[in-house]
Amino acid sequence: MNILTFFRKSILRQQMASYLAIAIIPSVMLTWIISGVANYFIEQNVQRNLFVLADAKSAAIESYANEKIKQVNSIARSLIFARTSENCAKVLNLNNGNSDLKAYEDVRTGVIPEFNYMIDSLNFKNLMIVNHNHEVIFNLREPSRIGRWLLEGPMANSKLSKTVNRVSTLLQPDFSDFEQLPDSSKPVSFIISPFYDKTKMMGVMIFQLDEQDIMDIIADNTGMGQTGQVLVGTKYGSGTKSGAILVAPTRTDENAAFKTIIKPHKNEVSAMVSAVEGGRGYGITHNEEGRPIVAVWMYIPSFHWGLVIDQDFSEAFALTARIRWIGGSLLTVITIASILFARWAAKGQAGRVVAVANAAGGLAGGDWSSRAPVDGVDELAALAASFNQMAEKLEQSDKVQSRDMQELALNSKLLADASEVESRTRVTLRATARELSEAGIKLVSSADNGHQTATEQAAAVNQVVATVEQIRAVAEQNTEKASAVARLTGDSAISLSQGAEAVRQIIVSMSRLRDTVNDYAREITTLTEKTRQIDQITSSVNEIADQSKLLALNATIEAAKAGEQGKGFAVVAAEVRNLAEQSKTANTRIRHMLSEIRKAAEATVVATGKGVSGVDSTMELTRSAGSVIDRLSGSLNEAAIAVGQISNSTKQQYTGIDQINQAMREFQQSTRQLTENSRQSQESATVLNNLSKELLGLTESGAEVL
Amino acid sequence: MTNTPKPTQSTILNRVMPVFVLILLITAGWWFRSWLNYQKPIRVGLLHSLTGPMAISEKSMVDAEVMALEELNESGGLLNRKVEWVIADGKSDWPTFAREADRLIRKEKVDVIIGCWTSASRKTVLPVIESNNHLLIYPMAYEGLEASPNIIYTGSAPNQQIIPAVAWAMRELKAKKYYLVGSDYIWPHCVNEITKDTIDSIGGELAGESYLFFGTDQVESVVKDILQAKPDVIISTVVGDTNKAFYNALDAAGISSDKIPVISFAISEDELRTMLKEVPSKALVGHYSAWNYFQTIDRQENRSFVARLQKRYGKEKSANDVMAASYNSVYLWAQAVREAETTRISDVTHAMSHQSLDAPEGIVSIDAENHHTWRPVYIGKVRSDAQFDIVWSSESSIRPEPYPLTRSHNDWNLLLTKLYGEWGNSWSNPKDNRSISKKKVSFPKPTEIKTLEPLVAPKPVASKVEMKQPVKPPETLKSKDNLKNPVNSPPTAPPIAKPETKPSVKPVSILPLMKPLLEQNEPVQSGRMDSKAKPKTDFSIRKI
């Protein structure tokens with residue numbers, strides 16, 4: 001998959017690849033197809049051409065043969081042969097050598113001119129006449145070469161001899177194959193025909209062909225280019241190893257005739273061997289020297305020859321080579337041009353894309369200043385321009401963001417400080433709340449005490465009242481029991497002293513109560529002071545919360561501005577805001593509570609004040625009661641004296657007791673009031689305690705939050 | 001956490017698309033190429049007698065041709081096309097042959113016809129072939145005297161069988177007196193004329209000439225004649241079943257093969273096998289046959305041919321000359337088609353003229369001039385196993401000469417015309433009387449005188465005989481009936497002076513008399529081939 005990744009990595013490569021594919025693949029295919037078609041036609045042409053040449057050559061040779069046969073046929077019944085044969089037979093005695101040489105010479109002289117004329121005009125080289133016994137009885141141009149040399153000697157197995165035999169049976173003209181006779185420099189061939197005396201066959205005549213005629217036909221190389229040549233060969237050897245031997249000189253080798261032997265090739269077809277075995281075909285093969293040739297071969301029946309016309313492969317298919325070369329070079333040029341163009345085009349497009357990609361990469365890597373070059377006015381340029389804008393905006397927002405970040409950091413620091421302050425405040429608040437709570441508790445206990453005291457007082461008062469009632473009753477009874485006054489005076493004095501004791505107690509408890517209530521009032525004042533402090537603090541906390549809220553808002557805005565990066569921050573800011581909100585809410589509640597507390601405290605103070613005043617008044621009353629009692633006791637003493645004055649004074653007593661009663665009633669009422677007030681105080685104190693507990697709880701929880 | 005789009009389906013398709021398109025292109029190209037390559041099969045017509053008396057002999061030709069065609073198909077067909085063959089039955093009846101040839105050409109649209117055995121069938125089919133400008137390949141040895149541009153003769157011409165045999169008999173058998181016996185139809189008559197010419201030229205002597213009707217077994221009178229004439233060799237052109245009677249009769253008469261050998265031009269390995277069932281082997285062994293092919297030829301090509309033949313048809317099958325010629329015909333024609341790269345008749349015919357082949361018997365090649373085939377000549381001696389020992393071989397292929405040089409073309413044509421006319425416009429003797437027709441011994445006269453003979457008498461015949469045209473007027477062949485009722489049938493020839501009796505005619509200047517004949521080239525080949533005009537055609541010629 002290496003090549004795939006190689007391409008996938010670069011758009012430039014992909015584009016170049018697709019351009020090249022579009023340009024080169026069709027060119028290659030077209031070149032391949034066209035060169036294939038051209039090669040096919042060239043080969044057809046070469047084949048046809050060679051066949052035409054070969055057929056023409058074969059036709060020329062055959063027509064030469066036919067012509068010779070016709071010539072021979074036309075003279076076969078000419079009487080001169082029959083006569084000459086007869087005459088020679090008469091004078092020749094080949095068996096015992098007693099030939100009449102002179103007569104023979106005469107016979108010869110008689111016919112030589114005619115024969116010469118005949119064979120010259122027929123373009124033969126020699127004439128021999130052979131009788132039925134295959135003895136040569138006449139030889140035109142080699143007079144001594146007569147006799148039985150066709151039957152004995154080196155020529156006995158010659159092709160000439162065999163053909164003479166054959167013709168004697170076939171009774172028709174035939175050629176003897178070209179052969180190298182012992183005394184001839186060139187291969188010779190003959191045409192042999194029976195000759196007749198009217199219808200009777202007299203013997204066989206042998207004409208020697210002018211082999212130059214055929215060699216001229218063979219050697220004619222027109223239309224064969226530089227390397228084309230005609231090879232003519234005949235069968236050589238026998239059996240499975242039979243090959244061929246050339247019978248004519250070739251273009252390149254003058255002496256090839258009957259020297260060059262062609263054996264069958266092992267791996268490929270041998271044109272000449274196929275031809276001499278009757279084949280007819282076309283092929284691309286190698287010649288004897290191993291060069292590739294294109295050859296056409298066929299069989300020439302007249303001479304039992306194989307004819308091969310071959311041409312160097314490179315020459316025959318020169319056009320192919322040229323086409324291939326042209327095609328190849330054209331293809332190379334196209335390829336190079338395509339590559340260059342592809343590169344140029346691809347660079348133009350992909351380059352710009354790559355530039356934008358690189359710029360984006362730089363941007364992604366954090367380099368806010370990376371920009372893409374803007375080339376041209378097409379979509380890619382627009383892309384680059386848009387990218388640059390985006391980068392610009394990003395850079396700016398980055399700057400803004402960093403600034404905001406700094407601000408945020410600052411604000412965070414402030415927030416942190418404020419938070420610290422708040423926390424400290426909270427701690428103080430807590431402490432204060434705790435103190436408050438303690439105070440509240442104290443207050444409660446004081447109030448309780450007060451209430452208790454008040455209750456006691458009330459009880460005492462009630463007791464006093466009861467006592468006074470008793471007293472009244474007693475006093476009442478005084479009138480009736482004036483008599484008993486004396487006795488009673490003593491009782492009264494006791495009672496009065498009791499009363500004075502009680503009054504003293506009352507005064508003591510009253511003063512205690514007053515102290516308490518004063519304490520109480522003091523506490524309340526302290527509380528109020530404290531609540532005021534708290535109020536201040538809460539207001540500052542509120543401020544802080546407000547500020548925090550603002551900061552948080554700012555932060556949120558900055559975060560919003562910062563977008564992705566500010567998200568975390570926004571969350572933090574939100575939380576801070578939440579916190580501020582909660583602070584504020586708590587503060588509000590605290591304030592509310594504080595105001596309640598304050599109200600309660602005030603009320604308490606008022607009540608206490610009232611109570612104090614009540615107490616004071618009570619005390620005053622008590623004092624006055626005490627003083628009264630004192631006076632009474634004094635008076636009583638006087639009474640003892642003045643029992644007598646009792647009746648008068650009883651009334652006065654009664655009135656006084658009534659006054660006391662009334663005063664006691666008032667005192668009771670005021671004590672009730674006081675109790676009520678102390679109860680209220682208690683309630684207030686309880687409320688205050690609760691509130692302070694709440695506050696404490698709140699501050700503590702708030703502290704936790706902080 | 002930004003939104004990167006996944007690669008959608010379309011981009012995957014983009015990657016697959018080029019590969020798919022490439023595969024599509026390759027498949028389309030391959031299909032287109034094979035569509036281009038598909039072509040109709042090439043059709044070959046095989047026209048032989050599958051029924052009737054000739055069927056036994058002609059079946060071998062069909063066998064050889066079919067084997068060759070099958071081999072063609074096995075090796076990939078011809079021009080990348082399959083080869084089909086249509087076998088038409090001539091029913092041993094010449095008009096049927098012509099009709100079947102017409103059907104093969106027109107309906108079956110064959111590209112070539114290989115067929116015929118008897119000369120009668122060939123001469124009947126010839127006008128059909130020539131009028132359609134078609135191509136017939138005739139693989140049977142025959143009497144020659146014909147050279148149609150639309151026929152390729154892959155059998156032997158007379159100079160490739162008859163003449164060498166006669167000359168050989170003189171040289172090797174030292175025969176001086178020859179007795180000629182044959183069946184009574186065109187081929188033996190022509191062969192005997194050629195033989196007589198040859199005997200004359202080699203200084204032999206004609207001892208007698210007899211003719212036997214086809215299928216007859218009344219051979220005793222001939223044998224008696226032979227005994228009387230005391231020839232040195234018998235030249236036999238007897239065909240068919242008569243041979244059995246003939247050889248039996250010879251044997252019965254004590255004429256053994258070492259006494260008077262018979263050289264037959266009609267007996268090949270096939271006939272030997274059939275005859276050895278009814279004729280004692282001693283009656284056959286030692287006689288001779290002359291052919292261009294024997295199964296015993298010692299050549300690699302022949303051995304492989306025989307092996308293939310026996311593989312295809314069984315060990316009992318023997319090869320003979322006509323089978324070899326039929327086999328060669330198919331291959332030569334296939335070579336021509338390959339070379340011409342078309343099955344167009346004219347191109348193929350032209351290409352056939354150059355073809356040569358390393359055939360089982362030797363290198364055969366077709367002579368461009370006369371459309372006959374160069375073939376080697378063998379003379380074989382009968383062996384007891386129905387094979388021949390080869391006693392003489394020409395060792396190389398012989399130029400074919402359909403018109404023996406002993407007479408001129410015109411003389412030969414006149415001979416044919418004469419015979420045709422004598423037999424009432426038929427190619428075989430119409431006489432039904434089963435008796436031998438014995439001709440008196442006669443020698444052919446020198447050309448000049450001989451020419452005049454028929455001229456004087458059968459003038460009406462000569463003028464009525466239609467001359468050979470390259471294209472026959474179509475209306476004469478469209479209707480089958482025309483073959484039976486010829487439009488223009490030459491009248492029955494008036495009794496001609498028998499050639500044996502030599503009328504003493506004074507030499508007349510040849511030229512004016514020859515003129516009409518010269519204007520009509522080779523009248524024989526286009527004559528009305530009506531063998532139905534005479535009764536009982538079936539008993540006339542079957543084998544030529």
# chains A, B, ... in the order shown; residues from 1 in each chain; ligands from 1
$ closest_atom_pairs --of "chain B" --to "chain A" --cutoff "8 Å" --atoms "only C-alpha atoms" --output "tab-separated table"
residue	atom	partner	partner_atom	distance
B:Asn159	CA	A:Leu170	CA	7.1
B:Gln160	CA	A:Leu170	CA	7.8
B:Ile163	CA	A:Leu170	CA	6.4
B:Pro164	CA	A:Leu170	CA	4.6
B:Ala165	CA	A:Thr169	CA	7.7
B:Ala167	CA	A:Thr169	CA	5.0
B:Trp168	CA	A:Thr169	CA	5.5
B:Arg171	CA	A:Thr169	CA	7.6
B:Asp197	CA	A:Thr199	CA	7.8
B:Asp200	CA	A:Lys200	CA	6.1
B:Ser201	CA	A:Lys200	CA	3.8
B:Ile202	CA	A:Met201	CA	5.4
B:Gly203	CA	A:Lys200	CA	6.2
B:His354	CA	A:Asp55	CA	7.9
B:Gln355	CA	A:Arg280	CA	7.0
B:Ser356	CA	A:Gly278	CA	5.4
B:Leu357	CA	A:Gly278	CA	5.0
B:Asp358	CA	A:Gly278	CA	4.9
B:Ile363	CA	A:Gly278	CA	5.3
B:Val364	CA	A:Gly278	CA	7.1
B:Ser365	CA	A:Pro301	CA	6.8
B:Trp374	CA	A:Pro301	CA	7.4
B:Ser394	CA	A:Arg166	CA	6.5
B:Ser396	CA	A:His304	CA	7.8
B:Ser397	CA	A:Pro301	CA	7.4
B:Arg399	CA	A:Ser302	CA	7.3
B:Thr406	CA	A:Thr199	CA	7.4
B:Pro446	CA	A:Thr199	CA	7.9
$ write_last_selection --atoms "C-alpha atoms" --output "tab-separated table (two decimals), in the first residue's frame"
chain	number	residue	atom	x	y	z
B	159	ASN	CA	0.77	-39.65	-68.20
B	160	GLN	CA	1.02	-40.23	-64.49
B	163	ILE	CA	1.79	-44.26	-69.99
B	164	PRO	CA	4.50	-45.08	-67.47
B	165	ALA	CA	2.89	-48.43	-66.76
B	167	ALA	CA	6.46	-48.24	-70.94
B	168	TRP	CA	7.55	-49.97	-67.79
B	171	ARG	CA	11.24	-52.22	-70.16
B	197	ASP	CA	-0.48	-44.67	-78.78
B	200	ASP	CA	3.00	-47.79	-80.86
B	201	SER	CA	5.62	-45.32	-79.75
B	202	ILE	CA	7.61	-47.89	-77.84
B	203	GLY	CA	7.44	-50.35	-80.61
B	354	HIS	CA	0.35	-22.51	-56.42
B	355	GLN	CA	-0.17	-25.02	-53.68
B	356	SER	CA	2.18	-27.81	-52.85
B	357	LEU	CA	2.01	-30.35	-50.08
B	358	ASP	CA	4.21	-32.98	-48.58
B	363	ILE	CA	5.47	-33.91	-52.74
B	364	VAL	CA	2.32	-33.07	-54.65
B	365	SER	CA	1.83	-29.70	-56.22
B	374	TRP	CA	2.21	-33.29	-59.90
B	394	SER	CA	9.32	-42.37	-60.39
B	396	SER	CA	9.83	-37.62	-57.80
B	397	SER	CA	6.57	-36.13	-58.82
B	399	ARG	CA	4.41	-33.14	-64.41
B	406	THR	CA	0.83	-38.44	-79.00
B	446	PRO	CA	-1.20	-40.44	-88.14
$ select_by_dssp --residues "region 204-389 of chain B" --states "alpha helix (DSSP H)" --output "ChimeraX atom specification"
/B:220-229,242-252,269-275,281-284,300-313,321-340,345-352
$ write_last_selection --atoms "C-alpha atoms" --output "PDB file, in the first residue's frame"
ATOM      1  CA  GLU B 220     -15.084 -66.396 -71.083  1.00  0.00           C
ATOM      2  CA  SER B 221     -14.923 -65.102 -74.613  1.00  0.00           C
ATOM      3  CA  VAL B 222     -12.371 -62.478 -73.614  1.00  0.00           C
ATOM      4  CA  VAL B 223     -10.262 -65.036 -71.879  1.00  0.00           C
ATOM      5  CA  LYS B 224     -10.474 -67.208 -74.908  1.00  0.00           C
ATOM      6  CA  ASP B 225      -9.394 -64.298 -77.020  1.00  0.00           C
ATOM      7  CA  ILE B 226      -6.503 -63.664 -74.720  1.00  0.00           C
ATOM      8  CA  LEU B 227      -5.413 -67.245 -74.911  1.00  0.00           C
ATOM      9  CA  GLN B 228      -5.553 -67.007 -78.615  1.00  0.00           C
ATOM     10  CA  ALA B 229      -3.696 -63.733 -78.916  1.00  0.00           C
ATOM     11  CA  THR B 242     -16.445 -58.012 -63.378  1.00  0.00           C
ATOM     12  CA  ASN B 243     -12.904 -58.174 -62.138  1.00  0.00           C
ATOM     13  CA  LYS B 244     -13.750 -61.074 -59.890  1.00  0.00           C
ATOM     14  CA  ALA B 245     -15.037 -63.084 -62.783  1.00  0.00           C
ATOM     15  CA  PHE B 246     -12.153 -61.974 -64.950  1.00  0.00           C
ATOM     16  CA  TYR B 247      -9.397 -63.006 -62.608  1.00  0.00           C
ATOM     17  CA  ASN B 248     -11.135 -66.198 -61.743  1.00  0.00           C
ATOM     18  CA  ALA B 249     -11.465 -66.936 -65.401  1.00  0.00           C
ATOM     19  CA  LEU B 250      -7.829 -66.149 -66.038  1.00  0.00           C
ATOM     20  CA  ASP B 251      -6.852 -68.407 -63.228  1.00  0.00           C
ATOM     21  CA  ALA B 252      -9.105 -71.119 -64.481  1.00  0.00           C
ATOM     22  CA  GLU B 269      -6.087 -52.070 -52.048  1.00  0.00           C
ATOM     23  CA  ASP B 270      -9.812 -51.691 -51.510  1.00  0.00           C
ATOM     24  CA  GLU B 271     -10.731 -53.788 -54.489  1.00  0.00           C
ATOM     25  CA  LEU B 272      -8.097 -56.342 -53.606  1.00  0.00           C
ATOM     26  CA  ARG B 273      -9.599 -56.834 -50.212  1.00  0.00           C
ATOM     27  CA  THR B 274     -13.067 -57.281 -51.627  1.00  0.00           C
ATOM     28  CA  MET B 275     -11.879 -59.585 -54.371  1.00  0.00           C
ATOM     29  CA  SER B 281      -5.145 -65.347 -53.769  1.00  0.00           C
ATOM     30  CA  LYS B 282      -3.008 -67.141 -56.330  1.00  0.00           C
ATOM     31  CA  ALA B 283      -5.163 -65.675 -59.026  1.00  0.00           C
ATOM     32  CA  LEU B 284      -4.325 -62.191 -57.870  1.00  0.00           C
ATOM     33  CA  GLN B 300       7.030 -40.980 -42.814  1.00  0.00           C
ATOM     34  CA  GLU B 301       4.063 -38.990 -44.025  1.00  0.00           C
ATOM     35  CA  ASN B 302       2.431 -42.106 -45.369  1.00  0.00           C
ATOM     36  CA  ARG B 303       2.965 -44.073 -42.200  1.00  0.00           C
ATOM     37  CA  SER B 304       1.386 -41.376 -40.126  1.00  0.00           C
ATOM     38  CA  PHE B 305      -1.445 -41.014 -42.613  1.00  0.00           C
ATOM     39  CA  VAL B 306      -2.217 -44.725 -42.513  1.00  0.00           C
ATOM     40  CA  ALA B 307      -1.980 -44.721 -38.743  1.00  0.00           C
ATOM     41  CA  ARG B 308      -4.441 -41.873 -38.464  1.00  0.00           C
ATOM     42  CA  LEU B 309      -6.743 -43.508 -40.948  1.00  0.00           C
ATOM     43  CA  GLN B 310      -6.750 -46.773 -39.085  1.00  0.00           C
ATOM     44  CA  LYS B 311      -7.196 -44.995 -35.786  1.00  0.00           C
ATOM     45  CA  ARG B 312     -10.240 -43.268 -37.142  1.00  0.00           C
ATOM     46  CA  TYR B 313     -11.808 -46.118 -39.055  1.00  0.00           C
ATOM     47  CA  ASP B 321      -4.816 -43.907 -54.130  1.00  0.00           C
ATOM     48  CA  VAL B 322      -8.216 -42.347 -54.343  1.00  0.00           C
ATOM     49  CA  MET B 323      -8.347 -41.882 -50.583  1.00  0.00           C
ATOM     50  CA  ALA B 324      -4.910 -40.319 -50.576  1.00  0.00           C
ATOM     51  CA  ALA B 325      -5.936 -38.003 -53.376  1.00  0.00           C
ATOM     52  CA  SER B 326      -9.143 -37.046 -51.576  1.00  0.00           C
ATOM     53  CA  TYR B 327      -7.205 -36.411 -48.419  1.00  0.00           C
ATOM     54  CA  ASN B 328      -4.677 -34.299 -50.274  1.00  0.00           C
ATOM     55  CA  SER B 329      -7.487 -32.394 -51.961  1.00  0.00           C
ATOM     56  CA  VAL B 330      -8.838 -31.174 -48.667  1.00  0.00           C
ATOM     57  CA  TYR B 331      -5.428 -30.088 -47.457  1.00  0.00           C
ATOM     58  CA  LEU B 332      -4.464 -28.392 -50.677  1.00  0.00           C
ATOM     59  CA  TRP B 333      -7.741 -26.556 -50.684  1.00  0.00           C
ATOM     60  CA  ALA B 334      -7.316 -25.577 -47.044  1.00  0.00           C
ATOM     61  CA  GLN B 335      -3.867 -24.234 -47.804  1.00  0.00           C
ATOM     62  CA  ALA B 336      -5.267 -22.233 -50.666  1.00  0.00           C
ATOM     63  CA  VAL B 337      -7.992 -20.788 -48.472  1.00  0.00           C
ATOM     64  CA  ARG B 338      -5.457 -19.854 -45.841  1.00  0.00           C
ATOM     65  CA  GLU B 339      -3.261 -18.208 -48.376  1.00  0.00           C
ATOM     66  CA  ALA B 340      -6.074 -16.353 -50.070  1.00  0.00           C
ATOM     67  CA  ILE B 345     -14.027 -19.081 -55.234  1.00  0.00           C
ATOM     68  CA  SER B 346     -11.958 -17.101 -57.692  1.00  0.00           C
ATOM     69  CA  ASP B 347      -9.333 -16.234 -55.108  1.00  0.00           C
ATOM     70  CA  VAL B 348      -9.185 -19.758 -53.790  1.00  0.00           C
ATOM     71  CA  THR B 349      -8.941 -21.237 -57.254  1.00  0.00           C
ATOM     72  CA  HIS B 350      -6.149 -18.882 -58.076  1.00  0.00           C
ATOM     73  CA  ALA B 351      -4.389 -19.680 -54.818  1.00  0.00           C
ATOM     74  CA  MET B 352      -4.796 -23.387 -55.363  1.00  0.00           C
TER      75      MET B 352
END
$ residues_around --residues "Val238 (chain B)" --least-positions-apart "4" --cutoff "8 Å" --atoms "only C-alpha atoms" --output "MDAnalysis selection string"
chainID B and resid 181:183 188 212 242:243 264 266
$ atom_distance --atom1 "CA of Lys177 (chain B)" --atom2 "CA of Ser210 (chain B)"
14.6 Å
$ closest_residue --among "A:Glu395, A:Asp616, A:Asp417, A:Asp630" --to "Ala562 (chain A)" --atoms "only C-alpha atoms"
A:Glu395
$ residues_around --residues "Val233 (chain B)" --least-positions-apart "4" --cutoff "9 Å" --atoms "only C-alpha atoms" --output "MDAnalysis selection string"
chainID B and resid 169 173 175:180 259:263
$ select_by_dssp --residues "region 149-235 of chain A" --states "strand (DSSP E)" --output "JSON, numbers by chain"
{"A": [174, 175, 176, 177, 178, 179, 188, 189, 190, 191, 192, 193, 194, 195, 196, 197, 200, 201, 202, 203, 204, 205, 206, 207, 208, 209, 229, 230, 231, 232, 233, 234, 235]}
$ residues_around --residues "Asn429 (chain B)" --least-positions-apart "2" --cutoff "6 Å" --atoms "only C-alpha atoms" --output "list in words"
Asp184, Tyr185, Trp423 and Lys431 of chain B
$ write_last_selection --atoms "C-alpha atoms" --output "short mmCIF file (atom, residue, chain, number, x, y, z; two decimals), in the first residue's frame"
data_model
loop_
_atom_site.label_atom_id
_atom_site.label_comp_id
_atom_site.auth_asym_id
_atom_site.auth_seq_id
_atom_site.Cartn_x
_atom_site.Cartn_y
_atom_site.Cartn_z
CA ASP B 184 -17.29 -50.42 -71.91
CA TYR B 185 -17.43 -46.74 -71.16
CA TRP B 423 -23.11 -44.01 -77.62
CA LYS B 431 -25.93 -51.47 -75.40
#
$ atom_distance --atom1 "CA of Leu47 (chain B)" --atom2 "CA of Ile87 (chain B)"
6.1 Å
$ closest_atom_pairs --of "region 397-484 of chain A" --to "region 533-538 of chain A" --cutoff "9 Å" --atoms "only C-alpha atoms" --output "JSON lines"
{"residue": "A:Thr425", "atom": "CA", "partner": "A:Ile537", "partner_atom": "CA", "distance": 7.2}
{"residue": "A:Leu429", "atom": "CA", "partner": "A:Ile534", "partner_atom": "CA", "distance": 6.9}
{"residue": "A:Thr432", "atom": "CA", "partner": "A:Ile534", "partner_atom": "CA", "distance": 7.7}
{"residue": "A:Ala433", "atom": "CA", "partner": "A:Ile534", "partner_atom": "CA", "distance": 8.6}
$ write_last_selection --atoms "N, CA and C atoms" --output "compact mmCIF listing (two decimals), in the first residue's frame"
# COMPACT_ATOMS: atom_id res chain seq x y z
N THR A 425 -14.77 37.88 56.40
CA THR A 425 -15.98 38.51 56.95
C THR A 425 -16.93 37.46 57.48
N LEU A 429 -18.30 37.19 60.82
CA LEU A 429 -19.75 37.10 60.93
C LEU A 429 -20.15 35.90 61.75
N THR A 432 -19.30 36.58 65.15
CA THR A 432 -20.31 37.48 65.69
C THR A 432 -21.61 36.78 65.89
N ALA A 433 -21.93 36.00 64.88
CA ALA A 433 -23.19 35.26 65.01
C ALA A 433 -23.15 34.36 66.21
$ residues_around --residues "Val191 (chain B)" --least-positions-apart "2" --cutoff "9 Å" --atoms "only C-alpha atoms" --output "PyMOL selection string"
chain B and resi 142-144+158+162+186-189+193-196+237
$ residues_around --residues "region 336-347 of chain A" --least-positions-apart "6" --cutoff "10 Å" --atoms "only C-alpha atoms" --output "PyMOL selection string"
chain A and resi 11-24+330+353-354
